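Some notes on the structure that comes next.
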Amino acid sequence: MQKILVARPIFPDVIDRLKQYFDVDWHTGDALPADELARRLADKDGALTAGDPITAATLAAAPRLRAVANMAVGYNNFDMAAFNAANVLGTNTPDVLNETTADFGWALMMAAARRIAEAEHFLRAGKWGKWSYDMFLGPDVYGSTLGIVGMGRIGQAIARRAQGFNMRVIYHNRSRVAPAIEAELNAEYRTKEALLREADHVVLVLPYTAENHHTIGAAELALMKRSATLTNIARGGIVDDAALAGALRERRIAAAGLDVFEGEPKVHPALLTVPNVVLTPHIASASEATRRAMANLAADNLIAALGEGPRAGRPPNPINPDVMGKARS
Ligand code: 8YV
């Protein structure tokens with residue numbers, strides 16, 4: 001039997017599925033440090049990860065490893081140049097999380113705009129003495145302009161929901177989406193700068209790459225309206241968290257909703273001290289059904305990538321299909 005490492009706690013029934021095909025080393029504790037991960041991968045043919053960094057050094061320490069299935073759509077934890085050089089297949093879990101993640105983007109955006117977390121803390125702290133006309137005033141969501149940065153599958157699911165809120169949708173993306181999709185979503189393309197100037201609510205849904213590190217920093221925040229909100233459900237590092245904390249403290253923008261952070265699970269201490277930000281621990285895809293679908297899809301990918309099961313040799317979501325069939329190097 002081939003050997004695999006499951007590097008994170010996941011649903012036990014998915015582990016049972018994997019055990020039908022593999023000798024499974026299951027790590028159920030906190031994220032493995034790099035040296036321990038490399039040690040556990042030394043004799044493995046495959047791995048199932050969830051955001052764990054797989055670098056050139058990890059692959060060098062795992063000469064048998066042929067496939068790594070990430071339980072996430074984003075795979076910036078994989079050094080894809082190293083995967084390609086070593087002929088190791090990477091897979092991800094797209095699509096199954098689109099709607100759940102879009103829902104959560106809306107929840108965060110609305111919570112930030114309508115100051116739900118701040119108001120809840122106020123109530124729990126016993127500070128609610130009287131009704132007041134100006135208690136927790138915030139910007140409207142309905143009828144406003146939504147700016148989506150990253151018009152992929154999740155961005156499009158967010159745009160679709162905007163129609164029910166009678167919002168104008170503008171978007172920025174590496175490339176314009178097809179005219180038919182723009183028409184269906186009633187979404188207009190903007191440069192990043194124009195979008196930041198015009199949007200009442202900016203939602204970030206783009207993949208993290210070296211090029212878009214701090215794509216929202218002090219200069220970009222300065223373009224936004226003082227009444228605007230910023231929501232990040234994409235990746236830490238896309239936003240300069242220190243600059244954002246400063247903009248929030250000085251009320252240069254109204255509020256923010258963040259599910260992802262630079263260096264998470266650590267959170268920039270300045271963000272913890274500003275009231276006008278809603279903070280959640282990277283849970284945008286965390287509905288029961290979606291996390292199950294992601295875990296099963298990651299397992300499907302690993303089983304097929306290692307030549308087992310009904311789809312042997314045809315994993316559903318290869319990131320670098322060109323390496324398939326090539327000898328490990
Ligand atoms: C994952 C995510 O839960 O899919 C993604 O890219 O950010 C989340 O859905 C997280 O990355 C853990 O792998």
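We name chains A, B, ... following the order of the structure tokens; residues begin at 1 in each chain, and ligands are numbered from 1 as shown.
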Practice item. Set the cut-off to 8 Å, count only C-alpha atoms and all ligand atoms, and list whatever residues fall near ligand 1 as a ChimeraX atom specification. Key: /A:49-52,70-75,93-94,97,101,233-235,282-286,291
Selected residues, C-alpha atoms, written as a CSV table (one decimal), in the first residue's frame, please.
```
chain,number,residue,atom,x,y,z
A,49,THR,CA,-2.6,19.5,3.4
A,50,ALA,CA,-4.7,22.6,4.3
A,51,GLY,CA,-2.5,25.6,3.9
A,52,ASP,CA,0.7,23.9,5.1
A,70,ASN,CA,-4.6,21.0,-0.7
A,71,MET,CA,-8.0,21.2,1.1
A,72,ALA,CA,-8.4,24.8,-0.2
A,73,VAL,CA,-9.0,26.6,-3.5
A,74,GLY,CA,-6.0,28.9,-2.8
A,75,TYR,CA,-2.6,27.2,-3.1
A,93,THR,CA,-10.6,22.2,-4.2
A,94,PRO,CA,-12.2,24.9,-6.4
A,97,LEU,CA,-16.8,26.5,-1.7
A,101,THR,CA,-17.5,31.8,0.7
A,233,ILE,CA,-11.8,37.1,2.4
A,234,ALA,CA,-8.9,36.3,0.1
A,235,ARG,CA,-5.5,36.0,1.7
A,282,HIS,CA,-10.3,32.4,8.4
A,283,ILE,CA,-13.7,30.7,8.4
A,284,ALA,CA,-15.3,31.9,5.1
A,285,SER,CA,-15.6,28.4,3.7
A,286,ALA,CA,-16.7,26.9,7.1
A,291,ARG,CA,-16.0,21.8,4.5
```
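Within range 209-301 of chain A, DSSP run on the backbone puts these residues in strand (DSSP E or B): Ile216, Thr229, Leu230, Thr231, Asn232, Val239, Ala255, Ala256, Gly257, Leu258, Val277, Val278 and Leu279 of chain A.
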Residues just named, written with N, CA and C atoms as a PDB file, in the first residue's frame:
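Listing of part_37.pdb after writing:
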```pdb
ATOM      1  N   ILE A 216      -3.285  46.333  -1.482  1.00  0.00           N
ATOM      2  CA  ILE A 216      -3.993  47.397  -0.772  1.00  0.00           C
ATOM      3  C   ILE A 216      -3.098  47.846   0.389  1.00  0.00           C
ATOM      4  N   THR A 229     -16.194  50.767   3.133  1.00  0.00           N
ATOM      5  CA  THR A 229     -15.700  49.620   3.908  1.00  0.00           C
ATOM      6  C   THR A 229     -14.809  48.769   3.015  1.00  0.00           C
ATOM      7  N   LEU A 230     -13.937  47.996   3.681  1.00  0.00           N
ATOM      8  CA  LEU A 230     -13.039  47.070   2.978  1.00  0.00           C
ATOM      9  C   LEU A 230     -13.201  45.693   3.607  1.00  0.00           C
ATOM     10  N   THR A 231     -13.443  44.683   2.778  1.00  0.00           N
ATOM     11  CA  THR A 231     -13.583  43.311   3.283  1.00  0.00           C
ATOM     12  C   THR A 231     -12.549  42.425   2.601  1.00  0.00           C
ATOM     13  N   ASN A 232     -11.808  41.664   3.380  1.00  0.00           N
ATOM     14  CA  ASN A 232     -10.807  40.754   2.812  1.00  0.00           C
ATOM     15  C   ASN A 232     -11.151  39.316   3.191  1.00  0.00           C
ATOM     16  N   VAL A 239      -3.484  42.680   1.803  1.00  0.00           N
ATOM     17  CA  VAL A 239      -3.646  43.976   2.469  1.00  0.00           C
ATOM     18  C   VAL A 239      -2.458  44.195   3.408  1.00  0.00           C
ATOM     19  N   ALA A 255     -14.881  51.321   7.929  1.00  0.00           N
ATOM     20  CA  ALA A 255     -14.835  50.040   8.648  1.00  0.00           C
ATOM     21  C   ALA A 255     -14.222  48.978   7.745  1.00  0.00           C
ATOM     22  N   ALA A 256     -13.863  47.863   8.359  1.00  0.00           N
ATOM     23  CA  ALA A 256     -13.334  46.742   7.579  1.00  0.00           C
ATOM     24  C   ALA A 256     -13.841  45.435   8.160  1.00  0.00           C
ATOM     25  N   GLY A 257     -13.840  44.414   7.305  1.00  0.00           N
ATOM     26  CA  GLY A 257     -14.165  43.044   7.718  1.00  0.00           C
ATOM     27  C   GLY A 257     -13.033  42.151   7.234  1.00  0.00           C
ATOM     28  N   LEU A 258     -12.401  41.444   8.143  1.00  0.00           N
ATOM     29  CA  LEU A 258     -11.225  40.650   7.771  1.00  0.00           C
ATOM     30  C   LEU A 258     -11.377  39.211   8.235  1.00  0.00           C
ATOM     31  N   VAL A 277     -13.469  47.322  13.059  1.00  0.00           N
ATOM     32  CA  VAL A 277     -13.095  46.206  12.193  1.00  0.00           C
ATOM     33  C   VAL A 277     -13.693  44.932  12.771  1.00  0.00           C
ATOM     34  N   VAL A 278     -14.271  44.110  11.898  1.00  0.00           N
ATOM     35  CA  VAL A 278     -14.827  42.819  12.301  1.00  0.00           C
ATOM     36  C   VAL A 278     -13.782  41.766  11.941  1.00  0.00           C
ATOM     37  N   LEU A 279     -13.383  40.968  12.903  1.00  0.00           N
ATOM     38  CA  LEU A 279     -12.291  40.013  12.714  1.00  0.00           C
ATOM     39  C   LEU A 279     -12.810  38.589  12.889  1.00  0.00           C
TER      40      LEU A 279
END
```
Exercise for review: Using DSSP on the backbone, list every residue of range 189-318 of chain A that comes out as alpha helix (DSSP H), and give them as number ranges by chain.
Suggested key: A: 192-198, 218-223, 241-249, 269-273, 288-305
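Comparing A:Leu196, A:Val202, A:Ala60, A:Ala157 by their smallest distance to Glu184 in chain A, the closest is A:Ala157 (using only C-alpha atoms).
Using only C-alpha atoms for every distance, the candidate list A:Arg292, A:His201, A:His268, A:Lys3 yields A:His201 as the residue closest to Met110 in chain A.
Around range 318-321 of chain A, within 7 Å and counting only C-alpha atoms, the residues found are Leu89, Gly90, Thr91 and Asn92 of chain A, once anything fewer than 4 positions away on its own chain is removed.
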Those selected residues, please, written with all heavy atoms and delivered as a CSV table (one decimal), in the first residue's frame.
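Written file, out_15.csv:
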```csv
chain,number,residue,atom,x,y,z
A,89,LEU,N,2.7,16.5,-8.4
A,89,LEU,CA,1.4,17.1,-8.7
A,89,LEU,C,0.8,17.8,-7.5
A,89,LEU,O,0.7,17.2,-6.4
A,89,LEU,CB,0.4,16.0,-9.2
A,89,LEU,CG,-1.0,16.5,-9.7
A,89,LEU,CD1,-0.9,17.3,-11.0
A,89,LEU,CD2,-2.0,15.4,-9.8
A,90,GLY,N,0.3,19.0,-7.7
A,90,GLY,CA,-0.5,19.7,-6.7
A,90,GLY,C,-2.0,19.7,-7.2
A,90,GLY,O,-2.3,19.8,-8.3
A,91,THR,N,-2.9,19.6,-6.2
A,91,THR,CA,-4.3,19.7,-6.5
A,91,THR,C,-5.0,20.7,-5.5
A,91,THR,O,-4.4,20.8,-4.4
A,91,THR,CB,-5.1,18.4,-6.5
A,91,THR,OG1,-5.1,17.9,-5.2
A,91,THR,CG2,-4.4,17.4,-7.4
A,92,ASN,N,-6.1,21.3,-5.9
A,92,ASN,CA,-6.8,22.1,-4.9
A,92,ASN,C,-8.3,21.8,-5.0
A,92,ASN,O,-8.7,20.8,-5.6
A,92,ASN,CB,-6.6,23.6,-5.3
A,92,ASN,CG,-7.2,24.0,-6.6
A,92,ASN,OD1,-7.4,23.2,-7.5
A,92,ASN,ND2,-7.3,25.3,-6.8
```
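Distance-wise, CA of Ala7 in chain A and CA of Pro281 in chain A end up 19.4 Å apart.
Each of A:Leu248, A:Leu302, A:Val203, A:Ala194 was compared to Leu108 in chain A using only C-alpha atoms, and A:Val203 turns out to be the nearest.
Nearest to Asn296 in chain A of all the residues A:Ala247, A:Ile15, A:Leu204, A:Leu5 is A:Ile15, counting only C-alpha atoms.
Here CA of Lys326 in chain A is placed at a distance of 28.9 Å from CA of His27 in chain A.
Rounded to one decimal, CA of Phe11 in chain A and CA of Ala289 in chain A lie 11.5 Å from each other.
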Quick one: residues within 8 Å of Ala243 in chain A, only C-alpha atoms counted, chain neighbours fewer than 3 positions away excluded, as an mmCIF file with C-alpha atoms, in the first residue's frame?
```
data_model
loop_
_atom_site.group_PDB
_atom_site.id
_atom_site.type_symbol
_atom_site.label_atom_id
_atom_site.label_comp_id
_atom_site.auth_asym_id
_atom_site.auth_seq_id
_atom_site.Cartn_x
_atom_site.Cartn_y
_atom_site.Cartn_z
ATOM 1 C CA GLY A 217 -1.621 49.583 1.230
ATOM 2 C CA ALA A 218 -1.597 53.149 2.551
ATOM 3 C CA ASP A 240 -0.970 45.819 4.434
ATOM 4 C CA GLY A 246 -3.935 53.132 10.800
ATOM 5 C CA ALA A 247 -6.630 54.047 8.274
#
```
